Every structure is written in C-alpha cells, then in structure tokens.
$ cat run-v6.pdb   # PDB, C-alpha atoms
ATOM      1  CA  MET Y  22      61.380 172.772 192.206  1.00  0.00           C
ATOM      2  CA  LYS Y  23      60.200 169.409 193.527  1.00  0.00           C
ATOM      3  CA  THR Y  24      61.273 166.129 191.944  1.00  0.00           C
ATOM      4  CA  TRP Y  25      57.831 165.316 190.562  1.00  0.00           C
ATOM      5  CA  GLN Y  26      57.578 168.791 189.017  1.00  0.00           C
ATOM      6  CA  ARG Y  27      60.947 168.317 187.298  1.00  0.00           C
ATOM      7  CA  ALA Y  28      59.871 164.923 185.997  1.00  0.00           C
ATOM      8  CA  LEU Y  29      56.610 166.366 184.721  1.00  0.00           C
ATOM      9  CA  SER Y  30      58.457 169.229 183.009  1.00  0.00           C
ATOM     10  CA  ALA Y  31      60.948 166.831 181.409  1.00  0.00           C
ATOM     11  CA  GLY Y  32      58.126 164.598 180.230  1.00  0.00           C
ATOM     12  CA  THR Y  33      56.307 167.545 178.698  1.00  0.00           C
ATOM     13  CA  VAL Y  34      59.445 168.629 176.828  1.00  0.00           C
ATOM     14  CA  LEU Y  35      60.056 165.108 175.505  1.00  0.00           C
ATOM     15  CA  LEU Y  36      56.458 164.759 174.408  1.00  0.00           C
ATOM     16  CA  SER Y  37      56.558 168.052 172.546  1.00  0.00           C
ATOM     17  CA  LEU Y  38      59.830 167.062 170.837  1.00  0.00           C
ATOM     18  CA  THR Y  39      58.361 163.798 169.553  1.00  0.00           C
ATOM     19  CA  ALA Y  40      55.427 165.773 168.164  1.00  0.00           C
ATOM     20  CA  CYS Y  41      57.903 167.864 166.153  1.00  0.00           C
ATOM     21  CA  THR Y  42      59.460 164.865 164.392  1.00  0.00           C
ATOM     22  CA  GLY Y  43      56.410 164.249 162.232  1.00  0.00           C
ATOM     23  CA  TYR Y  44      56.771 160.489 162.756  1.00  0.00           C
ATOM     24  CA  SER Y  45      53.386 158.856 162.470  1.00  0.00           C
ATOM     25  CA  PRO Y  46      53.199 155.066 162.054  1.00  0.00           C
ATOM     26  CA  THR Y  47      50.236 153.674 160.167  1.00  0.00           C
ATOM     27  CA  PRO Y  48      47.438 152.766 162.645  1.00  0.00           C
ATOM     28  CA  TYR Y  49      47.295 148.990 163.160  1.00  0.00           C
ATOM     29  CA  TRP Y  50      43.539 148.816 162.612  1.00  0.00           C
ATOM     30  CA  SER Y  51      44.047 149.972 159.013  1.00  0.00           C
ATOM     31  CA  ILE Y  52      46.517 147.145 158.168  1.00  0.00           C
ATOM     32  CA  HIS Y  53      45.179 143.620 157.594  1.00  0.00           C
ATOM     33  CA  THR Y  54      46.785 140.241 156.829  1.00  0.00           C
ATOM     34  CA  PRO Y  55      46.287 140.417 153.015  1.00  0.00           C
ATOM     35  CA  ALA Y  56      48.524 143.517 152.872  1.00  0.00           C
ATOM     36  CA  PHE Y  57      51.567 141.253 153.324  1.00  0.00           C
ATOM     37  CA  ALA Y  58      50.596 138.726 150.629  1.00  0.00           C
ATOM     38  CA  SER Y  59      52.024 140.748 147.737  1.00  0.00           C
ATOM     39  CA  LEU Y  60      55.523 141.042 149.256  1.00  0.00           C
ATOM     40  CA  LYS Y  61      57.994 139.056 147.176  1.00  0.00           C
ATOM     41  CA  PRO Y  62      61.400 138.144 148.656  1.00  0.00           C
ATOM     42  CA  GLY Y  63      64.261 139.420 146.522  1.00  0.00           C
ATOM     43  CA  VAL Y  64      61.945 141.704 144.540  1.00  0.00           C
ATOM     44  CA  THR Y  65      59.895 144.085 146.724  1.00  0.00           C
ATOM     45  CA  THR Y  66      61.709 147.246 147.858  1.00  0.00           C
ATOM     46  CA  LYS Y  67      61.340 149.263 151.072  1.00  0.00           C
ATOM     47  CA  ALA Y  68      59.658 152.050 149.097  1.00  0.00           C
ATOM     48  CA  GLU Y  69      57.072 149.591 147.768  1.00  0.00           C
ATOM     49  CA  VAL Y  70      56.450 148.194 151.262  1.00  0.00           C
ATOM     50  CA  ARG Y  71      55.951 151.705 152.643  1.00  0.00           C
ATOM     51  CA  GLN Y  72      53.534 152.460 149.793  1.00  0.00           C
ATOM     52  CA  GLN Y  73      51.557 149.188 150.123  1.00  0.00           C
ATOM     53  CA  ILE Y  74      51.491 148.776 153.915  1.00  0.00           C
ATOM     54  CA  GLY Y  75      52.406 152.159 155.377  1.00  0.00           C
ATOM     55  CA  THR Y  76      54.845 153.559 157.918  1.00  0.00           C
ATOM     56  CA  PRO Y  77      56.189 150.928 160.338  1.00  0.00           C
ATOM     57  CA  LEU Y  78      56.158 151.205 164.122  1.00  0.00           C
ATOM     58  CA  THR Y  79      59.938 150.818 164.209  1.00  0.00           C
ATOM     59  CA  GLU Y  80      62.839 150.593 161.779  1.00  0.00           C
ATOM     60  CA  THR Y  81      65.855 148.844 163.299  1.00  0.00           C
ATOM     61  CA  THR Y  82      69.246 148.184 161.707  1.00  0.00           C
ATOM     62  CA  PHE Y  83      71.163 145.077 162.759  1.00  0.00           C
ATOM     63  CA  GLN Y  84      74.731 145.735 161.600  1.00  0.00           C
ATOM     64  CA  ARG Y  85      76.054 142.262 162.452  1.00  0.00           C
ATOM     65  CA  LYS Y  86      73.239 140.588 160.535  1.00  0.00           C
ATOM     66  CA  ASN Y  87      73.617 143.117 157.725  1.00  0.00           C
ATOM     67  CA  GLU Y  88      69.883 143.762 157.592  1.00  0.00           C
ATOM     68  CA  GLU Y  89      67.157 146.191 158.569  1.00  0.00           C
ATOM     69  CA  VAL Y  90      63.912 145.085 160.227  1.00  0.00           C
ATOM     70  CA  TRP Y  91      60.625 146.961 160.133  1.00  0.00           C
ATOM     71  CA  GLU Y  92      57.933 146.221 162.711  1.00  0.00           C
ATOM     72  CA  TYR Y  93      54.218 146.490 161.952  1.00  0.00           C
ATOM     73  CA  ARG Y  94      51.203 145.881 164.173  1.00  0.00           C
ATOM     74  CA  TYR Y  95      48.137 144.711 162.216  1.00  0.00           C
ATOM     75  CA  LEU Y  96      44.808 142.894 162.424  1.00  0.00           C
ATOM     76  CA  ASP Y  97      44.340 139.257 161.467  1.00  0.00           C
ATOM     77  CA  GLY Y  98      40.624 138.988 160.895  1.00  0.00           C
ATOM     78  CA  SER Y  99      38.678 141.572 162.837  1.00  0.00           C
ATOM     79  CA  THR Y 100      40.011 141.181 166.375  1.00  0.00           C
ATOM     80  CA  ILE Y 101      43.381 139.370 166.503  1.00  0.00           C
ATOM     81  CA  VAL Y 102      46.260 141.848 166.862  1.00  0.00           C
ATOM     82  CA  MET Y 103      49.496 140.622 165.305  1.00  0.00           C
ATOM     83  CA  LEU Y 104      53.088 141.807 164.872  1.00  0.00           C
ATOM     84  CA  ALA Y 105      54.987 141.483 161.600  1.00  0.00           C
ATOM     85  CA  TYR Y 106      58.744 141.859 161.296  1.00  0.00           C
ATOM     86  CA  LEU Y 107      59.872 142.537 157.731  1.00  0.00           C
ATOM     87  CA  HIS Y 108      63.554 141.920 157.014  1.00  0.00           C
ATOM     88  CA  PHE Y 109      65.466 143.832 154.309  1.00  0.00           C
ATOM     89  CA  ASP Y 110      68.942 143.386 152.852  1.00  0.00           C
ATOM     90  CA  PRO Y 111      71.485 146.277 152.698  1.00  0.00           C
ATOM     91  CA  ASN Y 112      70.121 147.270 149.264  1.00  0.00           C
ATOM     92  CA  GLY Y 113      66.636 147.801 150.711  1.00  0.00           C
ATOM     93  CA  VAL Y 114      65.123 144.664 149.171  1.00  0.00           C
ATOM     94  CA  PHE Y 115      62.655 142.536 151.148  1.00  0.00           C
ATOM     95  CA  LYS Y 116      64.115 139.201 152.383  1.00  0.00           C
ATOM     96  CA  TYR Y 117      61.442 137.574 154.570  1.00  0.00           C
ATOM     97  CA  ALA Y 118      58.704 138.231 157.141  1.00  0.00           C
ATOM     98  CA  GLU Y 119      57.930 136.877 160.596  1.00  0.00           C
ATOM     99  CA  HIS Y 120      54.427 137.049 162.096  1.00  0.00           C
ATOM    100  CA  PHE Y 121      53.539 136.665 165.784  1.00  0.00           C
ATOM    101  CA  LEU Y 122      50.609 137.299 168.096  1.00  0.00           C
ATOM    102  CA  ASP Y 123      51.118 140.674 169.738  1.00  0.00           C
ATOM    103  CA  PRO Y 124      51.793 139.914 173.418  1.00  0.00           C
ATOM    104  CA  ALA Y 125      50.354 143.309 174.383  1.00  0.00           C
ATOM    105  CA  TYR Y 126      46.959 142.091 173.125  1.00  0.00           C
ATOM    106  CA  ALA Y 127      47.255 138.322 173.646  1.00  0.00           C
ATOM    107  CA  GLY Y 128      47.317 138.004 177.399  1.00  0.00           C
ATOM    108  CA  GLY Y 129      50.985 138.895 177.771  1.00  0.00           C
ATOM    109  CA  THR Y 130      52.441 135.852 176.048  1.00  0.00           C
ATOM    110  CA  ASP Y 131      53.949 135.499 172.601  1.00  0.00           C
ATOM    111  CA  LYS Y 132      53.685 131.716 172.399  1.00  0.00           C
TER     112      LYS Y 132
END

$ encode --input "run-v6.pdb" --output "structure tokens"
Amino acid sequence: MKTWQRALSAGTVLLSLTACTGYSPTPYWSIHTPAFASLKPGVTTKAEVRQQIGTPLTETTFQRKNEEVWEYRYLDGSTIVMLAYLHFDPNGVFKYAEHFLDPAYAGGTDK
C-alpha cells in the first residue's frame, strides 16, 4: 500500500471515530454577544452556561491555574466573528470571561 493510501485510510478511520463521539459544539452563528451578558461571576454554573449558550468548541483544564476554560466562537453584530474564553473554578462556577476577535476571521491577527 502506498504512503498516500495509508494516510487516506488513517484519516478516514479518525474521521469516523470523531463522528462516533457525538460531540457537536453549538454553531457560532447561533451564539450572539448578548448570550454572555447574563453570566455572573461566582454565581453561574457550568450547567447553566451550557444551557444558556450551548456546547463549547473546547473544554480545557489548567491544573496549575486550578481552573477550566471553555472556548466559544460567536457573532458580535451580524458579521464580526469573536472568541470567548469562559473561566471556571474547580467547583464549576464561572469566574470571568475574555473576548477577542477570532484571528481565523479577522485577517490572521488577534490584535
């Protein structure tokens, strides 16, 4: 079997495995800036965030910082694509949010 055929086969297997996980982040075009307004630091839980905003793109745990960060892509207005990073404490309570232009949609820069 040629190298490119092996790579294609491996890619097909990986793609089919990700389809089996059932992971489906909320589409960014269905999340808008006001969705984040109701989040209250020290009060809002991860379950409430998931219910109000949806499934994040990523969920990352930072052991040294003792926190978990969820990443969302969303629309500010009708055309500006943004990224939000929501930080949670070890008890699953919202701490704070960071919002940035999405470099994938803003000309490749995040400044």

$ axis_aligned_box --input "run-v6.pdb" --around "range 109-113 of chain Y" --padding-each-side "4 Å" --output "JSON"
{"center_x": 68.5, "center_y": 145.6, "center_z": 151.8, "size_x": 14.0, "size_y": 12.4, "size_z": 13.0}

$ resolve_selection --input "run-v6.pdb" --expression "the PyMOL selection byres ((chain Y and resi 49) around 7)" --output "PyMOL selection string"
chain Y and resi 47-48+50-52+94-96

$ atom_distance --input "run-v6.pdb" --atom1 "CA of Pro124 in chain Y" --atom2 "CA of Thr66 in chain Y"
28.4 Å

$ residues_around --input "run-v6.pdb" --residues "Phe121 in chain Y" --least-positions-apart "6" --cutoff "12 Å" --atoms "all atoms listed in the file" --output "ChimeraX atom specification"
/Y:54,92-97,101-107,127,130-132

$ atom_distance --input "run-v6.pdb" --atom1 "CA of Glu80 in chain Y" --atom2 "CA of Ala118 in chain Y"
13.8 Å

$ resolve_selection --input "run-v6.pdb" --expression "the PyMOL selection byres ((chain Y and resi 109) around 12)" --output "JSON, numbers by chain"
{"Y": [60, 61, 62, 63, 64, 65, 66, 67, 68, 70, 80, 81, 82, 83, 84, 86, 87, 88, 89, 90, 91, 92, 106, 107, 108, 110, 111, 112, 113, 114, 115, 116, 117, 118]}

$ residues_around --input "run-v6.pdb" --residues "Ser45 in chain Y" --least-positions-apart "6" --cutoff "10 Å" --atoms "only C-alpha atoms" --output "list in words"
Thr39, Gly75, Thr76, Pro77 and Leu78 of chain Y

$ atom_distance --input "run-v6.pdb" --atom1 "CA of His120 in chain Y" --atom2 "CA of Tyr44 in chain Y"
23.6 Å
